[in-house]
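Asker: Below is the structure I would like to discuss, written out as structure tokens.
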4 protein chains.
Amino acid sequence: MSPISDAIIALESEVRSYSRSWPAVFDRAVGSHMYDENGREYIDFFAGAGALNYGHNNPVLKKVLLDYISDDRVMHSLDMFTTSRQEFIDTFNELILKPRGLNYKLAFPGPGGTQATEAALKLARKYTGRESVISFTNGFHGMTLGALSVTGNSLKRGGAGVPLVHATPMPYDDYFDGDYPDFFYLERLLTDSGSGLNKPGAVIVETVQGEGGINPARYEWLQNLSKLCKQHDILLIIDDVQMGCGRTGTFFSFEEAGIEPDMVCLSKSISGYGIPMALTLLKPELDVWEPGEHNGTFRGISAGFATATATIREYWSDDSFTKSIKDKGEIVAKRFQSIVDVTPGITVTAKGRGLARGIEMASGELADAVCEEAFKNGLLVETAGPSGEVVKLLAALTIPEDVLNAGLDILESAVATVASGELANSASTISKTEESFA
Amino acid sequence: MSPISDAIIALESEVRSYSRSWPAVFDRAVGSHMYDENGREYIDFFAGAGALNYGHNNPVLKKVLLDYISDDRVMHSLDMFTTSRQEFIDTFNELILKPRGLNYKLAFPGPGGTQATEAALKLARKYTGRESVISFTNGFHGMTLGALSVTGNSLKRGGAGVPLVHATPMPYDDYFDGDYPDFFYLERLLTDSGSGLNKPGAVIVETVQGEGGINPARYEWLQNLSKLCKQHDILLIIDDVQMGCGRTGTFFSFEEAGIEPDMVCLSKSISGYGIPMALTLLKPELDVWEPGEHNGTFRGISAGFATATATIREYWSDDSFTKSIKDKGEIVAKRFQSIVDVTPGITVTAKGRGLARGIEMASGELADAVCEEAFKNGLLVETAGPSGEVVKLLAALTIPEDVLNAGLDILESAVATVASGELANSASTISKTEESFA
Amino acid sequence: MSPISDAIIALESEVRSYSRSWPAVFDRAVGSHMYDENGREYIDFFAGAGALNYGHNNPVLKKVLLDYISDDRVMHSLDMFTTSRQEFIDTFNELILKPRGLNYKLAFPGPGGTQATEAALKLARKYTGRESVISFTNGFHGMTLGALSVTGNSLKRGGAGVPLVHATPMPYDDYFDGDYPDFFYLERLLTDSGSGLNKPGAVIVETVQGEGGINPARYEWLQNLSKLCKQHDILLIIDDVQMGCGRTGTFFSFEEAGIEPDMVCLSKSISGYGIPMALTLLKPELDVWEPGEHNGTFRGISAGFATATATIREYWSDDSFTKSIKDKGEIVAKRFQSIVDVTPGITVTAKGRGLARGIEMASGELADAVCEEAFKNGLLVETAGPSGEVVKLLAALTIPEDVLNAGLDILESAVATVASGELANSASTISKTEESFA
Amino acid sequence: MSPISDAIIALESEVRSYSRSWPAVFDRAVGSHMYDENGREYIDFFAGAGALNYGHNNPVLKKVLLDYISDDRVMHSLDMFTTSRQEFIDTFNELILKPRGLNYKLAFPGPGGTQATEAALKLARKYTGRESVISFTNGFHGMTLGALSVTGNSLKRGGAGVPLVHATPMPYDDYFDGDYPDFFYLERLLTDSGSGLNKPGAVIVETVQGEGGINPARYEWLQNLSKLCKQHDILLIIDDVQMGCGRTGTFFSFEEAGIEPDMVCLSKSISGYGIPMALTLLKPELDVWEPGEHNGTFRGISAGFATATATIREYWSDDSFTKSIKDKGEIVAKRFQSIVDVTPGITVTAKGRGLARGIEMASGELADAVCEEAFKNGLLVETAGPSGEVVKLLAALTIPEDVLNAGLDILESAVATVASGELANSASTISKTEESFA
């Protein structure tokens, strides 16, 4: 394989994005490190946008996967029964659902997160007989038409090519910096028969918005949302595609809020090895589907079931993993806060929960500059937020503390470099301005 | 793992379907054989609904995959450059596109076929500025809202929970048994400014409808459709998710028709090993996407790139694979025709192209009975068509002739058994009727 | 009042249309004559696009109206009971519905025809629980969004500014010149569960398409449509806005077809004096409306009730009016046929029913030329059809035979003039062509 | 005419509403009095829901109308030029637009208010290329699908039978009792590229919501809305169908707010005599319509033009009419306030502007009781608001002060009667409660 070939790049659609920020050709990856074709090492604070919570090529899962493949076990099976599928269902129920007192049926809606949300929305509409759904500002739920209609980003919405309808955006937690009471507008619309709001069948929400800029909703806000839904007979769908599977510390991101959603969407790290898999959990009483009413070719990736089962057994049999995620989350929180403290004006705030963390910069340009500087120094970190203004850390949950700190060092230094350049620019602007008055 | 556990089954949503027809728990699979947890062997005429064109755990691909995983190469990478991604793009261009004189850019729209069609529809609408799309009776394109709106099946459409709009169904080839000229209605609607048809931006079509009942469109029909699209400045999208990757003999199913679609959707067997992967091909001039305007977590499954590259090198470097598919297709065609010939009234017709073949039965009940009987005798074969009236063969393209014939023997015998039972029933019905007059 | 003032014209939106064809300022009108501000007389073959079936300022109705206004009787009353409203309902029931064996409830949906169709579509959707509606090529049902979505004309549809959805166009009678069986496509779509057609709640149709180009549906076609609707539990809505109130001879245009629609839309000539009024008739069992669920300010124009009652008493107490309309229709038919006979190549065909008659010209340009020439000679006649290619006669049903013949003389002469000019042009084209070869 | 006939009533659809509240058959009407078939007199505080601002059968207009009809002037003319149409346009421009410094083109969109709003919405969407529209809580704009989609009332929305999309409701002025800043939510959504709001082409708003419960927006709120629209390149449509033509004092209801909307919708009292007529005013630069792109049969009711011209000359040549409306508005305001003052708990607040006034009662049941009691005593007054909780006064603007006061006396007495009954009920409830503890 040659170095990055322009001819090959030209064959790919302009829609590609990450390869623009990170112009390297990656080849190998282990844990929280990636290596490009020239052997250069990078620390990974991106983790496949949350699809690699257990790190790259996690050795426990790797062994399971190699054995699975070596033994010619079933790789692809739609929704046929397979030993690995049944084992996954059983393990998920015994080690994840039961200990948390949760009672859900499992549907495998296809390979990606967008299928998990599409399936949830379809079922919510069928069950309630209502088309309308409440979404939240800066929410992200997928790129197929049903999921895109509840997604906030205007660039992505614009790509639909048809008007996206049937969803009404409501303010996410803290959208007004705490100035107004929670749900004051939604509640009013729901209780006013003249409000013009089509009565919604469901609310879809992330407990921490990832793509939206690492915005954690307070537990109280989630509790109030849950209550409001119950009062008005509206189904509550938690999209845990990015924040589930331990990202915020607990397996489900909503556990500590003490709520019990009607449906939960999982994908990304559910297989644990980057193998596409998705899962929609539903309260048993909602299961009004006809056989085959929703389906898809890749709704039974049996190798994914095998690694998924292994992640549960390895990481979720007790609460030690949760503790370690929270500890590392605290490390990041402190380091981020100290970065923010020393670069006022350049950075705005540190935020997040568990190992979903962000530094909000004063602009998207500054955030880009930080990520570019970090990349030069061997760190993969990307931005989020409506203007790309948040530097986002989604490290593997298994990242060793020394690697985490090494990455944070690079990041801290990148912010400092950008800040000093920025200050220099400001200074030069000021001096130019002064000159012009001279 | 215990035998099929009712408790585990009860945890899964009622939406599951294949496990109802085939109440076995599968564990291993090699080539065209699957084995259940008790070691019972089944011949597979289903091939993952077309996702396993190269057979289960194909040894050539298996070696590539095991090496890939053993070497800790990048498994998941969104749209970052990776050596395996670049190698796939290069190989696809050199061995697939160039030899066929095709000029397309590649977009990786997510892990499943539905993402391939959603991306194509989104881009077609953006490029043309027109929302409306022409679909065809009994077409199948996916289960997310955009793809579902161009899908014919009423059960699946009903699951949407919102009105599916922006698509108008037109008669597929032979919908009227050749009684009317091709496109007489579509052409009239397009040329009549008072027709009430919203001018479409695109037409989406399968060259052989798989889920719709193994309906092959004549090449002439496809050619005329292509001409009509050009005349009216409408983009032609071929959904080759099930019929591409050699299913009909050639790599693309439209090659022998001599048409050049504006976009092509691939998935299912593109990775070759049942790993979820999808690809949307687009004429370069259509590439008006902004970076990230369409995206998705699983749009770069690097292990899939590796196996995909291996399938191309192994099977598509010359035309020997095409020849073998066609030869086996002819074997099936002859056997199916002879089955039809001996069971008039029970079977209606044999149809298909390459190794996408079907026997249309007189009813869905009869087709179910045949599949059930076949399953009892160790053959996995399913139905298709609006009433499930077609017994559908989608064997692996690599199936050895002896296994193919062994499966066909079981199928032939199953049809005969059903036919004799049916005749017995008819006889008994007749005799009962006669009795009632006695 | 000054002559046509450019300053005043410039104050009106470019959306105005008739004043472009007929650049005169009209002031008075009696029966089938209109007079412009300079006293010039025109014969009117337009009759307010069918709103003046009883002629301009019909003296019988004029007296009723003057008395009504002079006596200070209620002019405007929404849906309050008024003596004139109750009298109209009673008269309509006694003299129109009962003698025809029809059993409908009356709803007053607002002042215009578009309200009559919107109300019918809303009720059909509510009653059936299905959003989708079948419309027909070149149908015209109104300009508000609900009615526009079932209208064929692409210019008018384009004005909506939103995608018009929920309707699927089907071929109107004779759309293929009798080459294919009636409803072969609609019937197939309805019976095929994989067709992709959203099951419709209603069919909306005109018995003779007016704006669409004076296309009369055969009675047999209407009967078959009615049967098909019953078979598939679809409501049949006849839009009799333009073709009702005697235009085709009988009061309802569907009487002679012997069908009984589920709903009927009336407007235009229902008041008889050009006063805006509309009426939606519905089978009693369909009346699932809540009080006020559909309403509108001008749903009780009591002066309109008074004149409407007078039209019924004067014209519809026996069948003499029907006979006279048919006789005059025959006169027009003969004259139109003879025009067509003598101008082959320029004219295409004569068509129509009752006093809805048209001459299809070889092009919209020719039809415009005929109307322009007719206007110069004192005849008001307009075009219809998707390309404006039909010269359309909608004379008052009360037009005296001598006035009818005088108008027809002008029209005949206009066609002859256009034909001779056209032939001259052709000749000159030919001679030029010949010259170029010289 | 017999008394109210049950047989005749049974012929009308259940959708009728006013005749349920006022079970009388009205026959004659003069000024602010209506008379039933038995000669009983009623004071009219309803004025055709705002269609009779100049009173029933206003003698000035009556003379114009009788002369117009007697002289056989053109009654119906679509959009042909007529002397009365040109005179109206000229007069409207000279006496209404020019003195107010307004520059609009006129479009006649059909006979009713819903057509005026449909035409405005269609043009706004065509001009901006954006489908989405902002509407307000408890707004009312019409009953055809386009207008209904921006209307708040859930009963009426439910009647659509299709999901109403393309509009997002925002809080109207004072929706939160002044607790939050104006437009804090809309502004935030518009400036946040991740908000999920489809960028709107237009905002449609009433300056005082009539059907919504007589809610006057503060001028400051309207000014801020106008600024916000300009900042974000969104068209501002004022629906002045009910509040225009002097209802709030000035001809246009937005005059005193000092704003200049991009489009204005007029209907109801524009003809002045209850004759259906509508008008859409548009800034000249917005006039991108093609000829005939929006049309309708009743878009040129020439008798309506004649009376409309007469209303302008009679009432709007100077500001004396405005002064008289305001004076009478003040009378009502004081009387309403004093009613509210003496019935705390039963009444909530008095509100309104000009002669659009309301008393908000503690419940819809109480408001109904007041109207029923008023009717018994010869006053026609109806309710408004999402729960019908507002007793609404829309008297003719020409009502003499003595008649106004006589009506107010009846209303005051009705409230008192209801209040005393209510108090008695409460007392009896209390005593019963006390008994139960005894």
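Naming scheme: A, B, ... for chains in displayed order of the structure tokens; residues 1 onward per chain; ligands 1 onward as shown.
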Which residues are near Val342 of chain B? Cut-off 12 Å, only C-alpha atoms, ignore same chain within fewer than 4 positions. Put them as a ChimeraX atom specification.
Answerer: /B:335-338,346-349,412-413,415-416,419-420
Asker: Enumerate, as an MDAnalysis selection string, the complete set of residues in segment 72-143 of chain C that a backbone-based DSSP assignment places in strand (DSSP E or B).
Answerer: chainID C and resid 73 76 82 105:107 133:136
Asker: Could you write those residues out with N, CA and C atoms, as a PDB file, in the first residue's frame?
Answerer:
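And here's out-v6.pdb as it stands now:
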```pdb
ATOM      1  N   ARG C  73     -83.821  41.546   4.811  1.00  0.00           N
ATOM      2  CA  ARG C  73     -83.739  40.175   5.343  1.00  0.00           C
ATOM      3  C   ARG C  73     -82.276  39.829   5.624  1.00  0.00           C
ATOM      4  N   HIS C  76     -76.241  37.742   6.131  1.00  0.00           N
ATOM      5  CA  HIS C  76     -75.071  36.953   6.517  1.00  0.00           C
ATOM      6  C   HIS C  76     -75.345  36.358   7.884  1.00  0.00           C
ATOM      7  N   THR C  82     -81.902  30.504   9.470  1.00  0.00           N
ATOM      8  CA  THR C  82     -82.627  31.664   8.938  1.00  0.00           C
ATOM      9  C   THR C  82     -83.780  31.130   8.116  1.00  0.00           C
ATOM     10  N   LYS C 105     -77.372  14.337   3.477  1.00  0.00           N
ATOM     11  CA  LYS C 105     -77.406  15.466   4.384  1.00  0.00           C
ATOM     12  C   LYS C 105     -76.630  16.606   3.748  1.00  0.00           C
ATOM     13  N   LEU C 106     -76.959  17.831   4.135  1.00  0.00           N
ATOM     14  CA  LEU C 106     -76.334  19.004   3.543  1.00  0.00           C
ATOM     15  C   LEU C 106     -75.350  19.634   4.527  1.00  0.00           C
ATOM     16  N   ALA C 107     -74.154  19.942   4.032  1.00  0.00           N
ATOM     17  CA  ALA C 107     -73.228  20.754   4.809  1.00  0.00           C
ATOM     18  C   ALA C 107     -72.856  21.967   3.978  1.00  0.00           C
ATOM     19  N   VAL C 133     -55.819   9.613  -1.149  1.00  0.00           N
ATOM     20  CA  VAL C 133     -56.966   9.843  -2.028  1.00  0.00           C
ATOM     21  C   VAL C 133     -56.528   9.566  -3.473  1.00  0.00           C
ATOM     22  N   ILE C 134     -57.434   9.016  -4.245  1.00  0.00           N
ATOM     23  CA  ILE C 134     -57.175   8.835  -5.679  1.00  0.00           C
ATOM     24  C   ILE C 134     -57.777  10.013  -6.437  1.00  0.00           C
ATOM     25  N   SER C 135     -56.961  10.643  -7.260  1.00  0.00           N
ATOM     26  CA  SER C 135     -57.452  11.704  -8.129  1.00  0.00           C
ATOM     27  C   SER C 135     -57.222  11.263  -9.574  1.00  0.00           C
ATOM     28  N   PHE C 136     -57.628  12.084 -10.519  1.00  0.00           N
ATOM     29  CA  PHE C 136     -57.480  11.680 -11.917  1.00  0.00           C
ATOM     30  C   PHE C 136     -56.690  12.705 -12.716  1.00  0.00           C
TER      31      PHE C 136
END
```
Asker: Set the cut-off to 9 Å and count only C-alpha atoms: what are the residues of chain B that reach chain C? Output as a PyMOL selection string.
Answerer: chain B and resi 131-132+135-139+149-155+157-158+163-171+175-176+179-180+184-185+188-189+192-199+212+385-387
Asker: Kindly save the residues from that selection, with C-alpha atoms included, as a PDB file, in the first residue's frame.
Answerer:
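So the final result, stored in result09.pdb, reads:
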```pdb
ATOM      1  CA  GLU B 131     -38.830  15.590  -3.731  1.00  0.00           C
ATOM      2  CA  SER B 132     -40.819  13.084  -5.695  1.00  0.00           C
ATOM      3  CA  SER B 135     -40.850   3.436  -7.352  1.00  0.00           C
ATOM      4  CA  PHE B 136     -42.225   0.175  -8.710  1.00  0.00           C
ATOM      5  CA  THR B 137     -44.900  -2.238  -7.653  1.00  0.00           C
ATOM      6  CA  ASN B 138     -43.475  -4.904  -5.347  1.00  0.00           C
ATOM      7  CA  GLY B 139     -40.133  -3.135  -5.009  1.00  0.00           C
ATOM      8  CA  SER B 149     -41.583   5.096   1.272  1.00  0.00           C
ATOM      9  CA  VAL B 150     -40.387   3.518  -2.004  1.00  0.00           C
ATOM     10  CA  THR B 151     -41.085  -0.043  -0.834  1.00  0.00           C
ATOM     11  CA  GLY B 152     -44.277  -1.761  -1.925  1.00  0.00           C
ATOM     12  CA  ASN B 153     -45.185  -4.236   0.800  1.00  0.00           C
ATOM     13  CA  SER B 154     -48.274  -3.026   2.663  1.00  0.00           C
ATOM     14  CA  LEU B 155     -47.468  -4.762   5.978  1.00  0.00           C
ATOM     15  CA  ARG B 157     -45.458   0.262   4.934  1.00  0.00           C
ATOM     16  CA  GLY B 158     -48.127   0.081   7.605  1.00  0.00           C
ATOM     17  CA  PRO B 163     -48.146   8.458   5.922  1.00  0.00           C
ATOM     18  CA  LEU B 164     -45.427   7.504   3.443  1.00  0.00           C
ATOM     19  CA  VAL B 165     -45.360  10.175   0.817  1.00  0.00           C
ATOM     20  CA  HIS B 166     -43.138  11.562  -1.974  1.00  0.00           C
ATOM     21  CA  ALA B 167     -43.209   8.323  -3.978  1.00  0.00           C
ATOM     22  CA  THR B 168     -45.560   7.125  -6.716  1.00  0.00           C
ATOM     23  CA  PRO B 169     -45.664   3.439  -7.635  1.00  0.00           C
ATOM     24  CA  MET B 170     -45.481   2.514 -11.316  1.00  0.00           C
ATOM     25  CA  PRO B 171     -46.008  -0.934 -12.830  1.00  0.00           C
ATOM     26  CA  TYR B 175     -46.996  -6.346 -14.165  1.00  0.00           C
ATOM     27  CA  PHE B 176     -49.725  -6.814 -16.737  1.00  0.00           C
ATOM     28  CA  ASP B 179     -50.578  -6.830 -22.202  1.00  0.00           C
ATOM     29  CA  TYR B 180     -49.574  -3.171 -22.327  1.00  0.00           C
ATOM     30  CA  PHE B 184     -47.144   3.723 -21.306  1.00  0.00           C
ATOM     31  CA  TYR B 185     -48.525   5.250 -18.112  1.00  0.00           C
ATOM     32  CA  ARG B 188     -47.909   9.764 -20.423  1.00  0.00           C
ATOM     33  CA  LEU B 189     -47.887  11.252 -16.927  1.00  0.00           C
ATOM     34  CA  ASP B 192     -48.862  15.672 -19.677  1.00  0.00           C
ATOM     35  CA  SER B 193     -48.542  18.918 -17.726  1.00  0.00           C
ATOM     36  CA  GLY B 194     -51.991  18.298 -16.257  1.00  0.00           C
ATOM     37  CA  SER B 195     -51.327  14.779 -15.056  1.00  0.00           C
ATOM     38  CA  GLY B 196     -51.012  15.602 -11.375  1.00  0.00           C
ATOM     39  CA  LEU B 197     -47.733  13.708 -11.059  1.00  0.00           C
ATOM     40  CA  ASN B 198     -45.195  15.681  -9.059  1.00  0.00           C
ATOM     41  CA  LYS B 199     -42.179  15.686 -11.406  1.00  0.00           C
ATOM     42  CA  GLY B 212     -41.158  -8.898  -4.536  1.00  0.00           C
ATOM     43  CA  GLY B 385     -43.800 -12.210  -3.256  1.00  0.00           C
ATOM     44  CA  PRO B 386     -46.743 -10.062  -2.127  1.00  0.00           C
ATOM     45  CA  SER B 387     -48.594 -13.097  -0.775  1.00  0.00           C
TER      46      SER B 387
END
```
Asker: Suppose you want the space between atom CA of Gly112 of chain D and atom CA of Val25 of chain C; what is it in Å?
Answerer: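 Separation of atom CA of Gly112 of chain D and atom CA of Val25 of chain C: 24.5 Å.
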Asker: Can you tell me which residues surround Asp240 of chain C at a distance of at most 9 Å, considering only C-alpha atoms, apart from same-chain residues fewer than 6 positions away, and format the answer as a PyMOL selection string?
Answerer: chain C and resi 205-208+252-254+264-267
Asker: Going by DSSP on the backbone, which bits of segment 2-82 of chain D are helix (DSSP H, G or I)? Write them as a VMD selection string, please.
Answerer: chain D and resid 6 to 10 18 to 21 47 to 50 59 to 70
